[in-house]
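Containing mmCIF, C-alpha atoms and all ligand atoms: run.cif.
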data_model
loop_
_atom_site.label_atom_id
_atom_site.label_comp_id
_atom_site.auth_asym_id
_atom_site.auth_seq_id
_atom_site.Cartn_x
_atom_site.Cartn_y
_atom_site.Cartn_z
CA MET A 1 -12.50 -9.92 -12.16
CA ALA A 2 -15.81 -11.73 -11.69
CA LYS A 3 -18.44 -10.20 -9.40
CA TYR A 4 -18.66 -13.33 -7.21
CA ARG A 5 -16.31 -16.07 -6.14
CA ILE A 6 -18.10 -19.30 -5.29
CA ALA A 7 -16.34 -22.26 -3.67
CA LEU A 8 -17.53 -25.36 -5.50
CA ILE A 9 -17.69 -28.78 -3.83
CA GLU A 10 -18.15 -31.34 -6.55
CA GLY A 11 -18.93 -34.10 -4.09
CA ASP A 12 -18.82 -37.89 -4.25
CA GLY A 13 -20.82 -40.55 -6.08
CA THR A 14 -23.27 -38.78 -8.38
CA GLY A 15 -22.28 -35.40 -6.88
CA PRO A 16 -19.95 -34.35 -9.72
CA GLU A 17 -22.72 -35.10 -12.25
CA VAL A 18 -25.37 -32.91 -10.61
CA ILE A 19 -22.88 -30.16 -9.75
CA GLY A 20 -21.74 -30.23 -13.40
CA CYS A 21 -25.37 -29.70 -14.46
CA ALA A 22 -25.86 -26.80 -12.02
CA ARG A 23 -22.62 -25.24 -13.21
CA LYS A 24 -23.70 -25.45 -16.86
CA VAL A 25 -27.00 -23.73 -16.02
CA LEU A 26 -25.28 -20.93 -14.06
CA GLU A 27 -22.87 -20.37 -16.94
CA ALA A 28 -25.69 -20.36 -19.50
CA ALA A 29 -27.59 -17.86 -17.32
CA GLU A 30 -24.43 -15.73 -17.45
CA LEU A 31 -23.93 -15.38 -13.71
CA ASP A 32 -20.84 -13.23 -13.33
CA ALA A 33 -19.00 -15.63 -11.03
CA GLU A 34 -15.81 -17.58 -10.72
CA LEU A 35 -16.64 -21.10 -9.54
CA VAL A 36 -13.60 -22.52 -7.77
CA PRO A 37 -13.54 -26.30 -7.17
CA ILE A 38 -12.18 -27.15 -3.74
CA GLU A 39 -10.81 -30.27 -2.07
CA ALA A 40 -13.72 -31.51 0.04
CA GLY A 41 -15.48 -34.84 0.13
CA TYR A 42 -14.93 -38.45 1.04
CA TRP A 43 -12.52 -38.58 -1.89
CA ALA A 44 -10.46 -35.79 -0.27
CA PHE A 45 -10.43 -37.71 3.02
CA GLN A 46 -9.13 -40.80 1.21
CA LYS A 47 -6.53 -38.81 -0.72
CA PHE A 48 -5.36 -36.21 1.83
CA GLY A 49 -6.61 -37.56 5.18
CA LYS A 50 -8.96 -34.57 5.60
CA GLN A 51 -12.57 -34.30 4.39
CA VAL A 52 -12.03 -30.54 3.93
CA THR A 53 -8.38 -29.66 3.28
CA ASP A 54 -6.59 -26.53 4.52
CA SER A 55 -6.52 -25.11 1.00
CA ALA A 56 -10.29 -25.69 0.73
CA TRP A 57 -10.90 -23.73 3.96
CA GLU A 58 -8.70 -20.97 2.59
CA ILE A 59 -10.70 -20.70 -0.65
CA ILE A 60 -13.98 -20.81 1.29
CA GLY A 61 -12.68 -17.91 3.38
CA GLU A 62 -12.21 -15.84 0.21
CA SER A 63 -15.59 -16.75 -1.33
CA ASN A 64 -19.08 -15.26 -1.23
CA CYS A 65 -20.64 -18.66 -0.54
CA VAL A 66 -20.31 -22.40 -1.15
CA LEU A 67 -22.20 -24.45 -3.73
CA LYS A 68 -21.99 -28.03 -2.54
CA GLY A 69 -22.65 -31.29 -4.34
CA PRO A 70 -23.70 -34.26 -2.21
CA THR A 71 -20.91 -36.09 -0.41
CA THR A 72 -20.56 -39.61 0.93
CA THR A 73 -20.19 -40.41 4.62
CA PRO A 74 -19.12 -44.00 5.32
CA MET A 75 -21.25 -45.72 7.93
CA GLY A 76 -19.69 -46.30 11.32
CA GLY A 77 -19.81 -49.83 12.68
CA GLY A 78 -19.52 -49.15 16.37
CA GLU A 79 -16.31 -47.22 15.65
CA SER A 80 -16.20 -43.58 14.63
CA GLN A 81 -15.36 -43.02 10.95
CA MET A 82 -14.96 -39.83 8.93
CA LYS A 83 -17.23 -37.02 10.14
CA SER A 84 -19.74 -35.95 7.46
CA VAL A 85 -18.44 -33.22 5.15
CA ALA A 86 -21.76 -31.36 5.35
CA VAL A 87 -21.81 -31.44 9.17
CA THR A 88 -18.13 -30.37 9.31
CA LEU A 89 -18.84 -27.35 7.10
CA ARG A 90 -22.12 -26.40 8.80
CA GLN A 91 -20.52 -26.46 12.25
CA ARG A 92 -17.22 -24.73 11.46
CA LEU A 93 -18.90 -22.05 9.28
CA ASP A 94 -21.67 -21.71 11.88
CA LEU A 95 -24.39 -22.20 9.24
CA TYR A 96 -27.01 -22.74 11.89
CA ALA A 97 -30.20 -22.72 9.80
CA ASN A 98 -30.90 -25.41 7.23
CA VAL A 99 -33.72 -24.11 5.05
CA ARG A 100 -35.57 -26.78 3.10
CA PRO A 101 -38.60 -25.60 1.12
CA CYS A 102 -41.35 -28.09 0.29
CA LYS A 103 -42.97 -26.59 -2.80
CA SER A 104 -45.06 -28.49 -5.32
CA ARG A 105 -43.75 -28.23 -8.86
CA PRO A 106 -45.86 -28.19 -12.03
CA GLY A 107 -46.30 -31.45 -13.91
CA VAL A 108 -44.63 -33.62 -11.27
CA SER A 109 -46.73 -36.59 -10.23
CA VAL A 110 -46.93 -37.01 -6.45
CA PRO A 111 -48.00 -39.87 -4.17
CA THR A 112 -50.67 -37.78 -2.42
CA LYS A 113 -53.79 -35.73 -3.13
CA PHE A 114 -51.94 -32.59 -1.97
CA THR A 115 -50.67 -31.02 -5.18
CA ASN A 116 -50.23 -27.42 -4.09
CA LEU A 117 -47.89 -27.54 -1.14
CA ASP A 118 -45.74 -24.63 -0.08
CA PHE A 119 -44.18 -24.90 3.34
CA VAL A 120 -40.64 -24.61 4.61
CA ILE A 121 -38.59 -26.52 7.16
CA VAL A 122 -36.06 -24.55 9.20
CA ARG A 123 -33.82 -27.15 10.78
CA GLU A 124 -31.28 -26.33 13.50
CA ASN A 125 -28.01 -27.25 11.85
CA THR A 126 -25.17 -27.11 14.36
CA GLU A 127 -26.33 -28.78 17.60
CA GLY A 128 -28.64 -31.53 18.82
CA LEU A 129 -27.59 -35.10 18.14
CA TYR A 130 -25.33 -33.96 15.28
CA LYS A 131 -22.90 -32.32 17.69
CA GLY A 132 -21.04 -35.61 17.31
CA ILE A 133 -20.48 -36.31 20.99
CA GLU A 134 -20.58 -40.07 21.14
CA TYR A 135 -18.70 -42.51 23.29
CA LYS A 136 -18.33 -46.15 23.99
CA MET A 137 -19.11 -47.24 27.53
CA SER A 138 -18.31 -50.88 26.92
CA ASP A 139 -18.37 -53.32 24.03
CA ASP A 140 -22.14 -53.50 24.56
CA GLU A 141 -23.09 -49.88 25.36
CA PHE A 142 -22.74 -46.68 23.35
CA VAL A 143 -23.96 -43.16 24.09
CA SER A 144 -24.80 -40.12 21.90
CA LEU A 145 -25.36 -36.76 23.54
CA ARG A 146 -28.02 -34.30 22.39
CA VAL A 147 -26.78 -30.75 22.93
CA PHE A 148 -29.12 -27.73 23.12
CA THR A 149 -27.87 -24.26 24.03
CA ARG A 150 -29.72 -21.02 24.72
CA LYS A 151 -27.88 -19.36 21.83
CA GLY A 152 -28.73 -22.21 19.43
CA CYS A 153 -32.42 -22.35 20.35
CA GLU A 154 -32.80 -18.58 20.34
CA ARG A 155 -31.25 -17.95 16.96
CA ILE A 156 -33.00 -20.80 15.12
CA SER A 157 -36.36 -19.71 16.54
CA ARG A 158 -35.73 -16.11 15.49
CA PHE A 159 -34.53 -17.24 12.07
CA GLY A 160 -37.81 -19.15 11.58
CA PHE A 161 -39.97 -16.18 12.55
CA GLU A 162 -37.95 -13.76 10.41
CA LEU A 163 -38.15 -16.08 7.40
CA ALA A 164 -41.91 -16.50 7.90
CA ARG A 165 -42.36 -12.75 8.02
CA ARG A 166 -40.15 -12.14 4.97
CA GLN A 167 -41.96 -14.79 2.93
CA LYS A 168 -45.34 -13.46 4.08
CA ARG A 169 -46.23 -16.70 5.83
CA LYS A 170 -48.77 -16.97 8.64
CA LYS A 171 -47.75 -19.62 11.12
CA VAL A 172 -44.61 -21.00 12.73
CA THR A 173 -44.76 -24.52 14.17
CA LEU A 174 -42.08 -25.76 16.54
CA ILE A 175 -41.68 -29.55 16.35
CA THR A 176 -40.18 -31.30 19.39
CA LYS A 177 -40.57 -34.30 21.66
CA ALA A 178 -40.75 -32.18 24.80
CA ASN A 179 -42.97 -34.67 26.63
CA ILE A 180 -40.12 -37.20 26.66
CA LEU A 181 -36.97 -35.16 26.04
CA GLN A 182 -38.12 -32.78 28.72
CA LEU A 183 -34.93 -30.92 29.50
CA THR A 184 -33.64 -30.30 25.97
CA ASP A 185 -36.88 -29.94 24.02
CA GLY A 186 -38.64 -28.32 26.99
CA PHE A 187 -35.89 -25.69 27.06
CA PHE A 188 -36.21 -25.21 23.27
CA THR A 189 -40.00 -24.79 23.56
CA ASN A 190 -39.72 -22.16 26.30
CA ILE A 191 -37.22 -20.15 24.28
CA PHE A 192 -39.28 -20.48 21.07
CA ASN A 193 -42.39 -19.20 22.90
CA LYS A 194 -40.44 -16.27 24.31
CA VAL A 195 -39.08 -15.34 20.86
CA ALA A 196 -42.63 -15.61 19.48
CA GLU A 197 -43.63 -12.64 21.66
CA ASP A 198 -41.60 -10.44 19.29
CA TYR A 199 -43.75 -11.59 16.34
CA PRO A 200 -47.38 -10.90 17.28
CA ASP A 201 -48.26 -10.76 13.57
CA LEU A 202 -47.51 -14.50 13.22
CA GLU A 203 -49.35 -17.44 14.72
CA HIS A 204 -47.18 -19.91 16.58
CA GLU A 205 -47.58 -23.31 18.20
CA ASP A 206 -45.52 -26.27 19.33
CA ILE A 207 -46.41 -29.87 18.52
CA TYR A 208 -44.74 -33.24 19.05
CA VAL A 209 -42.78 -34.89 16.31
CA ASP A 210 -44.89 -38.07 16.23
CA ARG A 211 -48.06 -36.09 15.49
CA ALA A 212 -46.17 -33.89 13.03
CA ASN A 213 -44.98 -37.00 11.22
CA MET A 214 -48.57 -38.19 10.81
CA TYR A 215 -49.65 -34.77 9.51
CA MET A 216 -46.78 -34.92 7.02
CA ILE A 217 -48.60 -37.87 5.44
CA THR A 218 -52.29 -37.19 6.12
CA ASN A 219 -52.54 -33.40 6.15
CA PRO A 220 -49.32 -31.62 5.04
CA ILE A 221 -51.21 -28.40 4.25
CA TYR A 222 -51.27 -28.03 8.05
CA PHE A 223 -47.70 -26.74 7.84
CA ASP A 224 -46.46 -23.30 6.88
CA THR A 225 -43.08 -22.69 8.58
CA ILE A 226 -41.57 -25.47 10.66
CA VAL A 227 -38.78 -24.90 13.17
CA THR A 228 -37.16 -28.01 14.56
CA SER A 229 -33.98 -29.57 15.87
CA ASN A 230 -31.28 -31.20 13.78
CA LEU A 231 -32.30 -34.89 13.62
CA PHE A 232 -36.06 -34.27 13.45
CA GLY A 233 -35.48 -31.73 10.65
CA ASP A 234 -33.32 -34.18 8.73
CA ILE A 235 -35.98 -36.91 8.89
CA LEU A 236 -39.00 -34.67 8.28
CA SER A 237 -37.40 -32.96 5.29
CA ASP A 238 -36.85 -36.21 3.38
CA ALA A 239 -40.52 -37.04 4.03
CA ALA A 240 -41.43 -33.56 2.78
CA ALA A 241 -39.36 -34.20 -0.37
CA GLY A 242 -41.36 -37.39 -0.90
CA LEU A 243 -44.58 -35.35 -0.85
CA ILE A 244 -43.53 -33.21 -3.80
CA GLY A 245 -42.12 -35.93 -6.03
CA GLY A 246 -38.92 -37.10 -4.40
CA LEU A 247 -35.38 -36.18 -3.48
CA GLY A 248 -34.55 -35.38 -7.09
CA ILE A 249 -36.36 -32.04 -6.86
CA ALA A 250 -35.81 -30.93 -3.24
CA PRO A 251 -33.34 -28.05 -2.76
CA GLY A 252 -31.76 -26.64 0.38
CA ALA A 253 -29.67 -23.86 1.90
CA ASN A 254 -27.44 -23.73 4.97
CA MET A 255 -27.56 -20.21 6.33
CA GLY A 256 -25.43 -18.37 8.87
CA ASP A 257 -25.43 -14.71 9.79
CA ASN A 258 -22.66 -13.84 7.30
CA PHE A 259 -22.19 -16.84 5.04
CA ALA A 260 -24.17 -19.57 3.33
CA MET A 261 -23.81 -22.91 1.59
CA PHE A 262 -26.28 -24.33 -0.90
CA GLU A 263 -26.87 -28.05 -1.41
CA ALA A 264 -29.65 -30.43 -2.38
CA VAL A 265 -31.49 -32.36 0.32
CA HIS A 266 -30.39 -35.65 -1.24
CA GLY A 267 -27.14 -37.54 -0.75
CA SER A 268 -24.58 -38.87 -3.18
CA ALA A 269 -26.84 -41.72 -4.46
CA PRO A 270 -23.69 -43.82 -5.04
CA LYS A 271 -25.42 -46.75 -6.72
CA TYR A 272 -26.13 -44.55 -9.75
CA THR A 273 -22.60 -43.16 -10.10
CA GLY A 274 -21.56 -42.79 -13.72
CA GLN A 275 -25.00 -43.60 -15.09
CA LYS A 276 -25.96 -39.97 -15.73
CA LYS A 277 -29.47 -40.74 -14.56
CA VAL A 278 -30.05 -38.88 -11.28
CA ASN A 279 -32.18 -35.77 -11.44
CA PRO A 280 -30.18 -32.50 -11.52
CA THR A 281 -33.23 -30.40 -10.48
CA ALA A 282 -32.57 -30.39 -6.72
CA MET A 283 -29.02 -29.14 -7.30
CA ILE A 284 -30.17 -26.55 -9.86
CA LEU A 285 -32.94 -25.29 -7.53
CA SER A 286 -30.35 -25.06 -4.73
CA SER A 287 -28.39 -22.80 -7.12
CA VAL A 288 -31.57 -20.74 -7.52
CA MET A 289 -31.61 -20.28 -3.74
CA MET A 290 -27.97 -19.22 -4.01
CA LEU A 291 -28.81 -16.67 -6.71
CA ARG A 292 -31.46 -15.13 -4.42
CA TYR A 293 -28.92 -15.01 -1.56
CA LEU A 294 -26.50 -13.15 -3.84
CA GLY A 295 -29.26 -10.68 -4.73
CA GLU A 296 -29.51 -11.97 -8.32
CA ASP A 297 -33.30 -12.20 -8.18
CA ALA A 298 -33.90 -11.76 -11.92
CA LEU A 299 -31.50 -14.59 -12.76
CA ALA A 300 -33.04 -16.76 -10.05
CA GLU A 301 -36.50 -16.17 -11.51
CA LYS A 302 -35.27 -16.99 -14.99
CA VAL A 303 -33.66 -20.29 -13.99
CA GLU A 304 -36.60 -21.34 -11.80
CA LYS A 305 -39.05 -20.66 -14.63
CA ALA A 306 -36.94 -22.71 -17.03
CA VAL A 307 -36.85 -25.62 -14.55
CA ASP A 308 -40.63 -25.47 -14.04
CA SER A 309 -41.20 -25.34 -17.78
CA VAL A 310 -39.21 -28.56 -18.27
CA LEU A 311 -40.96 -30.25 -15.33
CA LEU A 312 -44.34 -29.30 -16.78
CA GLU A 313 -43.42 -30.61 -20.21
CA GLY A 314 -42.15 -33.79 -18.52
CA ALA A 315 -45.77 -34.65 -17.62
CA THR A 316 -46.41 -35.47 -21.29
CA ASN A 317 -42.95 -35.72 -22.83
CA LYS A 318 -40.87 -38.33 -21.03
CA LYS A 319 -37.79 -37.46 -23.07
CA VAL A 320 -37.07 -34.28 -21.13
CA VAL A 321 -37.07 -35.54 -17.53
CA THR A 322 -35.07 -38.13 -15.60
CA TYR A 323 -36.10 -41.62 -14.44
CA ASP A 324 -37.40 -40.57 -11.03
CA LEU A 325 -40.06 -38.44 -12.76
CA GLY A 326 -40.99 -41.31 -15.04
CA GLY A 327 -38.77 -40.05 -17.84
CA THR A 328 -35.91 -41.34 -19.95
CA ALA A 329 -33.60 -38.29 -20.10
CA THR A 330 -30.04 -38.34 -18.81
CA ASN A 331 -29.18 -35.54 -16.40
CA ASP A 332 -27.22 -33.83 -19.20
CA LYS A 333 -30.25 -33.97 -21.52
CA MET A 334 -32.56 -32.56 -18.84
CA THR A 335 -30.05 -29.79 -18.16
CA ASP A 336 -29.86 -28.94 -21.86
CA GLU A 337 -33.66 -28.70 -21.93
CA ILE A 338 -33.54 -26.28 -18.99
CA ILE A 339 -30.84 -24.21 -20.70
CA LYS A 340 -32.90 -24.07 -23.91
CA ARG A 341 -35.71 -22.44 -21.96
CA LEU A 342 -33.61 -19.68 -20.38
CA GLU A 343 -34.97 -16.64 -22.15
P1 LIG A 401 -29.37 -40.55 -1.10
O1 LIG A 401 -30.17 -39.30 -0.94
O2 LIG A 401 -28.03 -40.42 -1.67
O3 LIG A 401 -30.17 -41.56 -2.03
C1 LIG A 401 -31.32 -42.28 -1.65
C2 LIG A 401 -32.12 -42.62 -2.89
O4 LIG A 401 -32.85 -41.47 -3.29
C3 LIG A 401 -31.28 -42.98 -4.11
O5 LIG A 401 -30.93 -44.32 -4.16
C4 LIG A 401 -32.21 -42.60 -5.23
O6 LIG A 401 -33.15 -43.60 -5.43
C5 LIG A 401 -32.90 -41.38 -4.69
N1 LIG A 401 -32.22 -40.14 -5.11
C6 LIG A 401 -31.33 -39.39 -4.42
N2 LIG A 401 -30.95 -38.34 -5.13
C7 LIG A 401 -31.60 -38.40 -6.31
C8 LIG A 401 -31.64 -37.60 -7.48
N3 LIG A 401 -30.91 -36.47 -7.58
N4 LIG A 401 -32.41 -37.99 -8.50
C9 LIG A 401 -33.16 -39.10 -8.42
N5 LIG A 401 -33.19 -39.90 -7.35
C10 LIG A 401 -32.42 -39.55 -6.30
O7 LIG A 401 -29.36 -41.25 0.35
P2 LIG A 401 -28.52 -42.47 0.92
O8 LIG A 401 -28.49 -43.58 -0.10
O9 LIG A 401 -29.12 -42.72 2.23
O10 LIG A 401 -27.06 -41.93 1.14
C11 LIG A 401 -26.00 -42.05 0.21
C12 LIG A 401 -24.81 -41.27 0.72
O11 LIG A 401 -25.10 -39.88 0.71
C13 LIG A 401 -24.41 -41.63 2.16
O12 LIG A 401 -23.01 -41.72 2.25
C14 LIG A 401 -24.94 -40.47 2.98
O13 LIG A 401 -24.21 -40.26 4.15
C15 LIG A 401 -24.77 -39.33 1.99
N6 LIG A 401 -25.64 -38.17 2.22
C16 LIG A 401 -25.08 -36.95 2.01
C17 LIG A 401 -25.84 -35.80 2.16
C18 LIG A 401 -25.17 -34.47 1.93
O14 LIG A 401 -24.14 -34.41 1.25
N7 LIG A 401 -25.72 -33.39 2.45
C19 LIG A 401 -27.20 -35.90 2.49
C20 LIG A 401 -27.76 -37.16 2.65
C21 LIG A 401 -26.97 -38.30 2.51
#
Is it possible to express this structure as structure tokens?
Ligand code: NAD
Amino acid sequence: MAKYRIALIEGDGTGPEVIGCARKVLEAAELDAELVPIEAGYWAFQKFGKQVTDSAWEIIGESNCVLKGPTTTPMGGGESQMKSVAVTLRQRLDLYANVRPCKSRPGVSVPTKFTNLDFVIVRENTEGLYKGIEYKMSDDEFVSLRVFTRKGCERISRFGFELARRQKRKKVTLITKANILQLTDGFFTNIFNKVAEDYPDLEHEDIYVDRANMYMITNPIYFDTIVTSNLFGDILSDAAAGLIGGLGIAPGANMGDNFAMFEAVHGSAPKYTGQKKVNPTAMILSSVMMLRYLGEDALAEKVEKAVDSVLLEGATNKKVVTYDLGGTATNDKMTDEIIKRLE
């Protein structure tokens, strides 16, 4: 029997391609795991009427964690459609912290003078505007509710401080709009400041999201650990991905107290489906985060080094990296290059 059982969501659009690449790397690295594909995705909704089927929940319940490829969520047009697969899983599994590192990678050209970034966004993952409480008041008026609870604000604040301490970081910045969203974000700020009292070794501050957004462009080295609510974290983390070379290389983890799910920041990039051109790095680096979660630090190190080595070579050899990094490689070719460099 394998040491780990990992529920595998292949995803929609280009999801199966990047998950296939991550799977090949994990197998080449000889992770002792059984990867079990499960029925989850827009495709599952179309086929079975559920975006995560009962059998998928059952397999998740017997697994150490989930490795998730990006999934498609059809856009609503004033009517509610399928709820996002990611949001469904995060809420039901209570994966309340979405951890999205923003770390510069060697050899990757970036649209900014900041080439040595290393900060992390801790996004609240189960509440806020993503609670999904929306209703129609009339044909001309629609309402979305933004939900903040004491439990939600407390645990995400504490998660941010604990992560900062563990990663030997110095500062935790809460990002809100508490001047306008006074009840919800004001409440969050008060709780964050109270939690901060337990971490006198770390600096802390709270700033507004509009200013934070400007810093993201003009002075991203300002940030170290960011704690923020669901929607702000979603928006800021795609901007952060842009700073380091794009969505193709930005990984992520959804963490709960007893379970976790690993997925790239990017979506299913449907327009590229079947072209084998999207970058597998974000998905492979999400697997590296999974390896660390499982305690497989040596394997994680090995895979991360191999990825960085290919990215570095990609600066001068366009044949080893994908289009988004200025290269010509397919995602399979880039994956093979990574595998070649696993010592
Ligand atoms: P997207 O992230 O899928 O793609 C936006 C653009 O970013 C792409 O067109 C492409 O140019 C680039 N890109 C994304 N991934 C890349 C990669 N691996 N390599 C190179 N370039 C890459 O965002 P979207 O187009 O807004 O959304 C498409 C679908 O994905 C939607 O249905 C959306 O709901 C869904 N989505 C899912 C998740 C998730 O599964 N967690 C996250 C975001 C979006």
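Here the question is which of A:Glu39, A:Asp201, A:Asp257, A:Glu30 gets nearest to Gly11 of chain A using all atoms listed in the file, and that residue is A:Glu39.
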Which residue, A:Glu127, A:Glu62, A:Asp210, A:Asp139, has the smallest gap to Tyr96 of chain A when you use all atoms listed in the file?
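Between A:Glu127, A:Glu62, A:Asp210, A:Asp139, the residue approaching Tyr96 of chain A most closely is A:Glu127.
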Return as a Markdown table the residues of chain A lying at most 9 Å from ligand LIG 401 (chain A), together with the closest atom-to-atom pair for each and the distance in Å to one decimal, counting all atoms listed in the file, with rows in chain order and ascending residue number.
| residue | atom | partner | partner_atom | distance |
| --- | --- | --- | --- | --- |
| A:Gly11 | CA | A:LIG401 | O14 | 7.5 |
| A:Asp12 | CA | A:LIG401 | O11 | 8.2 |
| A:Gly13 | CA | A:LIG401 | C12 | 7.9 |
| A:Thr14 | CA | A:LIG401 | N3 | 8.0 |
| A:Gly15 | CA | A:LIG401 | O14 | 8.4 |
| A:Val18 | CA | A:LIG401 | N3 | 7.2 |
| A:Gly41 | CA | A:LIG401 | O14 | 8.7 |
| A:Tyr42 | CA | A:LIG401 | O12 | 8.8 |
| A:Lys68 | CA | A:LIG401 | O14 | 7.7 |
| A:Gly69 | CA | A:LIG401 | O14 | 6.6 |
| A:Pro70 | CA | A:LIG401 | O14 | 3.5 |
| A:Thr71 | CA | A:LIG401 | O14 | 4.0 |
| A:Thr72 | CA | A:LIG401 | O12 | 3.5 |
| A:Thr73 | CA | A:LIG401 | O12 | 3.9 |
| A:Pro74 | CA | A:LIG401 | O12 | 5.5 |
| A:Met75 | CA | A:LIG401 | O12 | 7.2 |
| A:Ser84 | CA | A:LIG401 | O13 | 7.0 |
| A:Val85 | CA | A:LIG401 | O14 | 7.0 |
| A:Ala86 | CA | A:LIG401 | N7 | 5.3 |
| A:Val87 | CA | A:LIG401 | N7 | 8.0 |
| A:Asp234 | CA | A:LIG401 | C20 | 8.8 |
| A:Asp238 | CA | A:LIG401 | O1 | 8.5 |
| A:Gly246 | CA | A:LIG401 | N5 | 7.0 |
| A:Leu247 | CA | A:LIG401 | N2 | 5.2 |
| A:Gly248 | CA | A:LIG401 | N4 | 3.7 |
| A:Ile249 | CA | A:LIG401 | N3 | 7.1 |
| A:Ala250 | CA | A:LIG401 | N3 | 8.6 |
| A:Glu263 | CA | A:LIG401 | N7 | 6.7 |
| A:Ala264 | CA | A:LIG401 | N7 | 6.9 |
| A:Val265 | CA | A:LIG401 | C19 | 6.0 |
| A:His266 | CA | A:LIG401 | O1 | 3.7 |
| A:Gly267 | CA | A:LIG401 | O2 | 3.2 |
| A:Ser268 | CA | A:LIG401 | O11 | 4.1 |
| A:Ala269 | CA | A:LIG401 | O2 | 3.3 |
| A:Pro270 | CA | A:LIG401 | C11 | 6.0 |
| A:Lys271 | CA | A:LIG401 | O5 | 6.5 |
| A:Tyr272 | CA | A:LIG401 | O5 | 7.4 |
| A:Lys277 | CA | A:LIG401 | N4 | 7.3 |
| A:Val278 | CA | A:LIG401 | N4 | 3.8 |
| A:Asn279 | CA | A:LIG401 | N4 | 3.7 |
| A:Pro280 | CA | A:LIG401 | N3 | 5.6 |
| A:Thr281 | CA | A:LIG401 | N3 | 7.1 |
| A:Ala282 | CA | A:LIG401 | N3 | 6.4 |
| A:Met283 | CA | A:LIG401 | N3 | 7.6 |
| A:Thr322 | CA | A:LIG401 | C9 | 7.5 |
| A:Tyr323 | CA | A:LIG401 | C9 | 7.2 |
| A:Asp324 | CA | A:LIG401 | C9 | 5.2 |
| A:Leu325 | CA | A:LIG401 | C9 | 8.2 |
| A:Asn331 | CA | A:LIG401 | N4 | 8.9 |
Next item on the list: Please return, as number ranges by chain, all polymer residues that have at least one atom within 12 Å of the point (-50.2, -14.7, 2.3); use only C-alpha atoms and the file's own coordinate frame.
Entry: A: 118-119, 164-171, 202, 224
Correct to one decimal, the distance atom CA of Ile156 of chain A-atom CA of Val99 of chain A is 10.6 Å
Between atom CA of Leu294 of chain A and atom CA of Arg92 of chain A, what is the spacing in Å?
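Distance between the two atoms: 21.3 Å.
Nearest to Leu285 of chain A of all the residues A:Leu342, A:Ala40, A:Ala22, A:Cys102 is A:Ala22, counting all atoms listed in the file.
The space separating atom CA of Asp308 of chain A from atom CA of Ala241 of chain A comes to 16.3 Å.
With distances restricted to all atoms listed in the file, A:Val108 is the closest residue to Asn317 of chain A from A:Val108, A:Leu299, A:Leu67, A:Leu8.
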10 Å contact set for Thr115 of chain A, only C-alpha atoms, chain neighbours under 2 positions out, as a ChimeraX atom specification:
/A:103-113,117-118,221,243-245
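Residue nearest Asp206 of chain A, chosen from A:Ala178, A:Asn230, A:Asp336, A:Gln51 and counting only C-alpha atoms: A:Ala178.
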**OP:** Extract, using only C-alpha atoms, all DNA, RNA and protein residues at most 12 Å from Asn213 of chain A, discarding same-chain residues fewer than 3 positions from it, and format them as an MDAnalysis selection string.
**Re:** chainID A and resid 175:177 207:210 216:220 222:223 232:233 235:240
Notebook entry, point to check: Using only C-alpha atoms, which of the listed residues (A:Trp57, A:Tyr293, A:Tyr130, A:Phe48) sits closest to Ile9 of chain A?
Noted result: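 Using only C-alpha atoms, Ile9 of chain A sits closest to A:Trp57.
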Counting all atoms listed in the file, what is within 9 Å of Cys153 of chain A, bar same-chain residues fewer than 2 positions away, as a PyMOL selection string? chain A and resi 124+148-151+155-158+187-189+191-192+229
Report the centre and edge lengths, in Å to one decimal, of an axis-aligned box enclosing every atom of segment 39-56 of chain A listed in the file, padded by 8 Å on each side, as JSON.
{"center_x": -10.4, "center_y": -33.0, "center_z": 1.8, "size_x": 26.1, "size_y": 31.7, "size_z": 23.7}
key: Shell of 10 Å around Leu93 of chain A, all atoms listed in the file, local chain residues under 3 positions omitted, as a VMD selection string   = chain A and resid 57 60 to 61 87 to 90 96 126 254 to 261
Mind rebuilding segment 51-56 of chain A with N, CA, C and O atoms and writing that out as a PDB file, keeping the file's coordinate frame?
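That gives us rebuild_27.pdb:
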ATOM      1  N   GLN A  51     -11.364 -34.409   5.248  1.00  0.00           N
ATOM      2  CA  GLN A  51     -12.570 -34.300   4.390  1.00  0.00           C
ATOM      3  C   GLN A  51     -12.719 -32.892   3.806  1.00  0.00           C
ATOM      4  O   GLN A  51     -13.385 -32.706   2.794  1.00  0.00           O
ATOM      5  N   VAL A  52     -12.108 -31.900   4.485  1.00  0.00           N
ATOM      6  CA  VAL A  52     -12.030 -30.540   3.930  1.00  0.00           C
ATOM      7  C   VAL A  52     -10.578 -30.113   4.158  1.00  0.00           C
ATOM      8  O   VAL A  52     -10.152 -29.968   5.313  1.00  0.00           O
ATOM      9  N   THR A  53      -9.823 -29.929   3.092  1.00  0.00           N
ATOM     10  CA  THR A  53      -8.380 -29.660   3.280  1.00  0.00           C
ATOM     11  C   THR A  53      -8.143 -28.198   3.678  1.00  0.00           C
ATOM     12  O   THR A  53      -9.034 -27.347   3.542  1.00  0.00           O
ATOM     13  N   ASP A  54      -6.919 -27.911   4.118  1.00  0.00           N
ATOM     14  CA  ASP A  54      -6.590 -26.530   4.520  1.00  0.00           C
ATOM     15  C   ASP A  54      -6.777 -25.578   3.361  1.00  0.00           C
ATOM     16  O   ASP A  54      -7.272 -24.458   3.532  1.00  0.00           O
ATOM     17  N   SER A  55      -6.383 -26.022   2.155  1.00  0.00           N
ATOM     18  CA  SER A  55      -6.520 -25.110   1.000  1.00  0.00           C
ATOM     19  C   SER A  55      -7.997 -24.873   0.701  1.00  0.00           C
ATOM     20  O   SER A  55      -8.397 -23.781   0.292  1.00  0.00           O
ATOM     21  N   ALA A  56      -8.842 -25.881   0.939  1.00  0.00           N
ATOM     22  CA  ALA A  56     -10.290 -25.690   0.730  1.00  0.00           C
ATOM     23  C   ALA A  56     -10.840 -24.644   1.696  1.00  0.00           C
ATOM     24  O   ALA A  56     -11.586 -23.746   1.301  1.00  0.00           O
TER      25      ALA A  56
END
